[in-house]
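This report refers to the structure that appears directly beneath it.
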Amino acid sequence: MRNDFLLIAVLLAGLIGMSSSCTKEKPVVEDEPPIPPETIDFVHGIDLSYVKQVEDKGGVFKLDQNNIDPFKLFKDKGANMVRLRLWHNPEWIKDIYGDQTAVYSGFEEVAIDIKRAKDNGMAVNLDFHYSDIWADPEHQTPPSAWMDITDINVLCDSVYNYTYGVMKELHERNILPEMVQIGNETNCGMMHTGTMNAFPKLSVCDGNWINMGKVLNAGIKAVRDVDMLSGKSTLVALHVADPKNLDWWFTNIINQGQVTDFDIAGFSYYHIWHTTVSFFDLPDVVISLKAKINRDVVILETAYPFTTDNNDSYNNIYGSQAPLAAYPYSVEGQKQYMIDLTQNMMEAGAIGVMYWEPAWITSGLKDLWGTGSAWENCALFDFSGKATDGINYLNHPFTN
């Protein structure tokens, strides 16, 4: 591997000479599959987007009784990629803290975390939300700076210029990520909720695959153009929530949206919300998708509780629901869930599993809904900030 990171995919042909960020690409047809990426090592990923905020607001991480840098700890335990979310202009964070310097998940803070990950020997997955706030299946609000856009071509140019600017600046700082997500949990599309009526229609649940494809292609082209400058080949991932959406979404984004130049089909899997495809049927879904679209597959988000208890007044999101039968809400149950999920994905031919926010422990962190953590019972640390045995799923002797 290059510098102990991932071997990165070779760029697909046909990128050079695109005349516009909204230029359509040739759709994939059954007898012309895209050139597959090179073989890469399995991604043992962790999303550490909240770590700096937790630390700034009093959270302390420990191994045994000693304070420890969580980035170093995860690397030592076997993680090889850090996922980090990026918001366009999260000014709202200043308001909740009453602090004009707090802009977490904005560019400068994310750049610090990218360097921190790389300094600890891990690759990076940079997750562009294309919003000033959380983007998920129910919320895909355009950045406030783009709200007055009424033309799809102008929107494409905005997406291209923003993505290119971020990637070029990271390249110039020598901290270019190894993977990039163009959007986060884009089940029904991007930038289609909370919008003005004149905003370009991007809801694929309403059939707007062509517009969605134009915007995705604009972001992808920006990444590829910076690759031309850097001489590197960045893995491009697209991301939906719930494995039940994989076949429908990726088939349509390729054939109707004409988005062909991506490497990773990514998805979120949480057993409490994603119930149509069972835990035990996940491998078959992955096998089928890989064969159909000829792309690698990664679970970009997952987690599991080790307790149903709370450590603060911020109500937990996960844990009041019934556990999977074979995996009680305990440290051992959490660890075994992650071991089995990872092993199952390896055997199905997926190339990675990423744990969402395993270090979101209780602290003075604030968001729009509470103070502390709504996820501390899903962390890989106990309520004193000490790493639990759950973290050791990362160094399990997997077979592949």
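We label chains A, B, ... in the order they appear in the structure tokens, count residues from 1 in each chain, and number ligands from 1 in the order shown.
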Practice problem: Name all residues at most 12 Å from A:Ala379 (count only C-alpha atoms; drop same-chain ones fewer than 5 positions away) and give them as a PyMOL selection string. | Solution: chain A and resi 46-48+50-51+61+302-308+310-311+316+318-319+330-331+334-335+355-362+373-374+384-391
Quiz prompt | Residues of stretch 85-286 of chain A in helix (DSSP H, G or I), written as an NGL selection string | solution = :A and (92-97 or 107-119 or 144-146 or 152-172 or 204-206 or 209-230 or 243-255 or 279-286)
Self-check item: Shell around A:His396 at 12 Å using only C-alpha atoms, local window under 4 positions removed, as a list in words
Solution: His44, Lys77, Gly78, Ala79, Lys335, Gln336, Met338, Ile339, Asp340, Thr342, Gln343, Asp389, Gly390, Ile391 and Asn392 of chain A
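Across the model, the gap from atom CA of A:Gly349 to atom CA of A:Pro283 is 8.4 Å.
Atom pair atom CA of A:Asp41 / atom CA of A:Asp296: separated by 11.7 Å.
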Self-check item: Neighbour list for A:Asn252 as a PyMOL selection string, cut-off 12 Å, only C-alpha atoms, skip fewer than 2 positions in-chain
Solution: chain A and resi 27-28+187-189+204-205+207-210+212-213+245-250+254-260+293
Self-check item: Spatial neighbours of A:Ala325, 12 Å, only C-alpha atoms, chain gap at least 5 places, as an MDAnalysis selection string
Solution: chainID A and resid 271 278:280 333 337
